[in-house]
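Asker: So that we are looking at the same thing, I have put the structure below in structure tokens.
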There are 2 protein chains.
Amino acid sequence: MSARPFANAIELLRAAGLRPTRQRLALARLLFDKGDRHVTAEQIHGEAQAASVPVSLATVYNTLHQFIAAGLLREVVVNSGRSYFDTNVSDHHHFFFENSGRLVDIPGDHVAVTSLPAPPAGTAIRRVDVIIRVEPAAGE
Amino acid sequence: MSARPFANAIELLRAAGLRPTRQRLALARLLFDKGDRHVTAEQIHGEAQAASVPVSLATVYNTLHQFIAAGLLREVVVNSGRSYFDTNVSDHHHFFFENSGRLVDIPGDHVAVTSLPAPPAGTAIRRVDVIIRVEPAAGE
DNA sequence: TTATTGTTTAGAGCTATTCTAATCTATTGA
DNA sequence: TCAATAGATTAGAATAGCTCTAAACAATAA
């Protein structure tokens with residue numbers, strides 16, 4: 001029932017209408033074969049290189065955006081100048097460690113946003129992002 | 001009691017330990033003399049030019065960051081690659097219009113985040129950001 | 001005043017990301 | 001199976017937003 005793990009990432013790509021190329025298969029496996037991850041483009045590019053998969057940074061960006069469009073990935077913006085890609089596309093929020101730049105999931109039901117205001121006239125809510133910014137506690 | 005409007009921005013700067021220079025005075029007035037604003041660096045730079053105040057973009061960035069450090073301004077990150085500076089430093093959240101890139105304040109008491117999870121061990125919560133991303137309603 | 005310290009500036013530099021146009025590859029149809 | 005074609009990948013240039021540098025300048029203190 002659960003969509004993952006994908007014994008073959010090929011199905012995943014086909015379902016998204018993407019040709020299962022060498023690069024996309026490798027990136028899909030790096031992203032989805034080890035649980036929930038928060039990665040930057042540079043990061044998976046590095047991992048792909050380390051795994052001897054020849055893939056350019058341009059392709060990494062293309063692929064990440066295609067995965068987002070297909071609903072396989074979600075972009076999290078916490079600081080300008082760098083995007084994180086989150087493999088957990090279920091309803092949830094984030095802790096952001098301001099000193100290390102690390103991002104950690106908070107299950108959706110652990111943060112309740114009650115009394116949401118009505119969206120401005122003519123608009124619909126697309127998503128609600130809650131980011132809890134934390135820093136080392138005083139005296140650590 | 002309210003800190004604004006500042007008949008003279010000079011006091012504001014002095015209180016922040018910043019020399020009241022021509023550039024800083026002009027920027028303070030552009031920022032704080034007309035209610036709550038969400039501006040980008042390029043934007044106030046443009047406004048300053050339009051007002052014939054000679055100020056470089058580097059100074060605009062320096063000044064914005066000094067104002068943030070002084071608690072006069074707050075940075076809001078909604079999309080990578082661009083920062084917004086919010087003159088409203090009271091507790092509140094935001095609507096973000098994904099198509100136009102516009103940001104609108106939501107008073108703090110119009111969004112209640114209940115059951116905040118405990119911060120990870122060794123950390124303290126610095127701030128909680130709630131961003132409600134809206135888009136034009138279907139059929140508009 | 002002058003000395004000192006803080007501020008501003010132009011322009012170079014940097015980082016993350018996107019674009020371009022050429023090459024390559026998966027798929028399709030014969 | 002093989003060619004045709006639509007789609008994918010690539011290196012490298014380009015861009016955007018922001019920061020840095022080191023020299024000129026301006027506010028304050030003495």
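Here's how to read the names in the structure tokens: chain A, B, ... by the order shown, residue numbers from 1 in each chain, ligand numbers from 1 in the order shown.
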Show me, as a VMD selection string, every residue of chain D with an atom at most 12 Å from chain B, counting only C-alpha atoms (C1' of nucleotides).

Answerer: chain D and resid 15 to 21 25 to 28

Asker: Produce a file of the selected residues containing N, CA and C atoms (P, O5', C5', C4', C3', O3' and C1' of nucleotides), as a compact mmCIF listing (two decimals), in the first residue's frame.

Answerer:
# COMPACT_ATOMS: atom_id res chain seq x y z
P DT D 15 23.15 37.62 -18.97
O5' DT D 15 22.49 37.41 -17.55
C5' DT D 15 21.43 36.46 -17.43
C4' DT D 15 21.13 36.30 -15.97
C3' DT D 15 21.09 37.62 -15.21
O3' DT D 15 19.76 37.78 -14.77
C1' DT D 15 22.21 35.92 -13.99
P DA D 16 19.30 39.13 -14.06
O5' DA D 16 19.15 38.65 -12.55
C5' DA D 16 18.58 37.37 -12.28
C4' DA D 16 18.58 37.19 -10.79
C3' DA D 16 18.43 38.51 -10.03
O3' DA D 16 17.59 38.27 -8.91
C1' DA D 16 20.49 37.49 -9.48
P DG D 17 17.12 39.53 -8.00
O5' DG D 17 17.90 39.30 -6.65
C5' DG D 17 17.79 38.04 -5.99
C4' DG D 17 18.90 37.98 -4.97
C3' DG D 17 18.98 39.22 -4.09
O3' DG D 17 19.08 38.76 -2.76
C1' DG D 17 21.09 38.74 -5.01
P DC D 18 18.71 39.75 -1.56
O5' DC D 18 20.12 39.80 -0.86
C5' DC D 18 20.80 38.54 -0.67
C4' DC D 18 22.28 38.75 -0.74
C3' DC D 18 22.84 39.78 0.22
O3' DC D 18 23.37 39.05 1.33
C1' DC D 18 24.03 39.67 -1.84
P DT D 19 24.09 39.81 2.53
O5' DT D 19 25.64 39.77 2.14
C5' DT D 19 26.24 38.50 1.90
C4' DT D 19 27.71 38.71 1.62
C3' DT D 19 28.45 39.55 2.66
O3' DT D 19 29.67 38.86 2.91
C1' DT D 19 28.81 40.44 0.53
P DC D 20 30.68 39.36 4.02
O5' DC D 20 31.87 39.91 3.14
C5' DC D 20 32.44 39.06 2.15
C4' DC D 20 33.50 39.83 1.37
C3' DC D 20 34.46 40.62 2.25
O3' DC D 20 35.77 40.26 1.85
C1' DC D 20 33.52 42.01 0.55
P DT D 21 37.03 40.76 2.68
O5' DT D 21 37.58 41.97 1.81
C5' DT D 21 37.75 41.79 0.41
C4' DT D 21 38.30 43.09 -0.16
C3' DT D 21 39.17 43.87 0.82
O3' DT D 21 40.32 44.33 0.14
C1' DT D 21 37.42 45.24 0.03
P DC D 25 36.59 61.94 -1.40
O5' DC D 25 35.66 61.84 -0.11
C5' DC D 25 34.53 60.98 -0.18
C4' DC D 25 33.87 60.96 1.17
C3' DC D 25 33.77 62.33 1.85
O3' DC D 25 32.39 62.62 1.92
C1' DC D 25 34.45 60.63 3.37
P DA D 26 31.83 63.95 2.63
O5' DA D 26 31.48 63.42 4.09
C5' DA D 26 30.52 62.38 4.23
C4' DA D 26 30.24 62.19 5.70
C3' DA D 26 29.94 63.47 6.46
O3' DA D 26 29.04 63.06 7.46
C1' DA D 26 31.81 62.46 7.41
P DA D 27 28.08 64.13 8.16
O5' DA D 27 28.28 63.69 9.69
C5' DA D 27 27.73 62.43 10.09
C4' DA D 27 28.37 62.05 11.40
C3' DA D 27 28.10 63.00 12.55
O3' DA D 27 27.70 62.22 13.66
C1' DA D 27 30.44 62.63 12.31
P DT D 28 27.08 62.93 14.96
O5' DT D 28 28.35 62.92 15.94
C5' DT D 28 28.80 61.66 16.44
C4' DT D 28 30.15 61.86 17.08
C3' DT D 28 30.15 62.79 18.28
O3' DT D 28 30.43 61.98 19.41
C1' DT D 28 32.02 63.17 16.85

Asker: Based on only C-alpha atoms, which of the residues in chain B come within 8 Å of chain A? I want them as a PyMOL selection string.

Answerer: chain B and resi 77-83+95+106+110-117+119+122-138+140

Asker: Of the candidates A:Arg29, A:His38, A:Arg74, A:His65, which shows the shortest atom-to-atom distance to chain C, using only C-alpha atoms (C1' of nucleotides)?

Answerer: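 Closest residue, counting only C-alpha atoms (C1' of nucleotides): A:His65.
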
Asker: Name the residues in contact with D:DA11 at a cut-off of 12 Å, using only C-alpha atoms (C1' of nucleotides), excluding same-chain residues fewer than 4 positions from it; report them as a PyMOL selection string.

Answerer: (chain A and resi 55-59) or (chain C and resi 19-23)

Asker: Please produce a file of those selected residues containing N, CA and C atoms (P, O5', C5', C4', C3', O3' and C1' of nucleotides), as a PDB file, in the first residue's frame.

Answerer:
ATOM      1  N   VAL A  55      26.557  12.827 -13.472  1.00  0.00           N
ATOM      2  CA  VAL A  55      25.388  13.688 -13.598  1.00  0.00           C
ATOM      3  C   VAL A  55      25.819  15.128 -13.339  1.00  0.00           C
ATOM      4  N   SER A  56      25.350  16.017 -14.174  1.00  0.00           N
ATOM      5  CA  SER A  56      25.742  17.412 -14.018  1.00  0.00           C
ATOM      6  C   SER A  56      24.835  18.103 -13.022  1.00  0.00           C
ATOM      7  N   LEU A  57      25.303  19.222 -12.510  1.00  0.00           N
ATOM      8  CA  LEU A  57      24.500  19.966 -11.551  1.00  0.00           C
ATOM      9  C   LEU A  57      23.221  20.464 -12.219  1.00  0.00           C
ATOM     10  N   ALA A  58      23.308  20.814 -13.489  1.00  0.00           N
ATOM     11  CA  ALA A  58      22.123  21.280 -14.209  1.00  0.00           C
ATOM     12  C   ALA A  58      21.052  20.201 -14.214  1.00  0.00           C
ATOM     13  N   THR A  59      21.472  18.976 -14.434  1.00  0.00           N
ATOM     14  CA  THR A  59      20.516  17.867 -14.442  1.00  0.00           C
ATOM     15  C   THR A  59      19.953  17.630 -13.051  1.00  0.00           C
TER      16      THR A  59
ATOM     17  P    DC C  19      15.595  29.756 -16.626  1.00  0.00           P
ATOM     18  O5'  DC C  19      16.706  29.957 -17.763  1.00  0.00           O
ATOM     19  C5'  DC C  19      17.452  31.165 -17.790  1.00  0.00           C
ATOM     20  C4'  DC C  19      18.522  31.051 -18.859  1.00  0.00           C
ATOM     21  C3'  DC C  19      18.032  30.461 -20.181  1.00  0.00           C
ATOM     22  O3'  DC C  19      18.448  31.354 -21.197  1.00  0.00           O
ATOM     23  C1'  DC C  19      19.967  29.306 -19.418  1.00  0.00           C
ATOM     24  P    DT C  20      17.923  31.158 -22.681  1.00  0.00           P
ATOM     25  O5'  DT C  20      19.189  30.529 -23.440  1.00  0.00           O
ATOM     26  C5'  DT C  20      20.489  31.005 -23.151  1.00  0.00           C
ATOM     27  C4'  DT C  20      21.463  30.246 -24.034  1.00  0.00           C
ATOM     28  C3'  DT C  20      20.819  29.636 -25.279  1.00  0.00           C
ATOM     29  O3'  DT C  20      21.744  29.738 -26.350  1.00  0.00           O
ATOM     30  C1'  DT C  20      21.811  27.929 -23.999  1.00  0.00           C
ATOM     31  P    DA C  21      21.201  29.749 -27.864  1.00  0.00           P
ATOM     32  O5'  DA C  21      22.415  29.040 -28.644  1.00  0.00           O
ATOM     33  C5'  DA C  21      23.609  28.666 -27.932  1.00  0.00           C
ATOM     34  C4'  DA C  21      23.974  27.232 -28.276  1.00  0.00           C
ATOM     35  C3'  DA C  21      23.259  26.645 -29.477  1.00  0.00           C
ATOM     36  O3'  DA C  21      24.089  25.624 -29.980  1.00  0.00           O
ATOM     37  C1'  DA C  21      22.770  25.327 -27.687  1.00  0.00           C
ATOM     38  P    DA C  22      24.537  25.375 -31.430  1.00  0.00           P
ATOM     39  O5'  DA C  22      25.456  24.085 -31.245  1.00  0.00           O
ATOM     40  C5'  DA C  22      26.504  24.140 -30.284  1.00  0.00           C
ATOM     41  C4'  DA C  22      26.665  22.789 -29.638  1.00  0.00           C
ATOM     42  C3'  DA C  22      26.554  21.631 -30.638  1.00  0.00           C
ATOM     43  O3'  DA C  22      27.653  20.763 -30.431  1.00  0.00           O
ATOM     44  C1'  DA C  22      25.136  21.252 -28.782  1.00  0.00           C
ATOM     45  P    DT C  23      27.842  19.490 -31.347  1.00  0.00           P
ATOM     46  O5'  DT C  23      27.505  18.270 -30.359  1.00  0.00           O
ATOM     47  C5'  DT C  23      28.257  18.142 -29.151  1.00  0.00           C
ATOM     48  C4'  DT C  23      27.574  17.101 -28.292  1.00  0.00           C
ATOM     49  C3'  DT C  23      27.483  15.714 -28.924  1.00  0.00           C
ATOM     50  O3'  DT C  23      28.042  14.794 -27.996  1.00  0.00           O
ATOM     51  C1'  DT C  23      25.387  16.367 -28.040  1.00  0.00           C
TER      52       DT C  23
END

Asker: Any chance you could tabulate, as a tab-separated table, the residues of chain C at most 8 Å from chain A with each one's nearest atom pair and distance in Å to one decimal, using only C-alpha atoms (C1' of nucleotides), in chain and rising number order?

Answerer:
residue	atom	partner	partner_atom	distance
C:DT15	C1'	A:Gly81	CA	7.8
C:DA16	C1'	A:Gly81	CA	6.2
C:DA26	C1'	A:Arg19	CA	7.3

Asker: Looking only at strand (DSSP E) from DSSP on the backbone, list the matching residues of chain A as a PyMOL selection string.

Answerer: chain A and resi 38-39+74-79+82-86+92-97+102-107+112-114+123-136

Asker: Just the number, please: distance in Å from atom CA of A:Arg14 to atom CA of A:His92, one decimal.

Answerer: 26.8 Å

Asker: For atom CA of A:Arg24 and atom C1' of D:DA4, determine how far apart the two atoms are, in Å to one decimal place.

Answerer: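 If I compute the distance from atom CA of A:Arg24 to atom C1' of D:DA4, I get 24.3 Å.
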
Asker: For A:Ile68, please output as a list in words all residues within 10 Å (counting only C-alpha atoms (C1' of nucleotides); exclusion window: fewer than 4 positions along the same chain).

Answerer: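 Selected residues are Asn62, Thr63, Leu64, Leu72, Leu73, Arg74, Glu75, Phe85, Asp86, Thr87 and Val89 of chain A.
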
Asker: Provide the atom CA of B:Ile44 to atom C1' of C:DT9 distance in Å, to one decimal place.

Answerer: 17.3 Å

Asker: What's around B:Leu30 at 9 Å? Count only C-alpha atoms (C1' of nucleotides), leave out sequence neighbours fewer than 4 positions away in its own chain, and write the answer as a count of residues only.

Answerer: 6
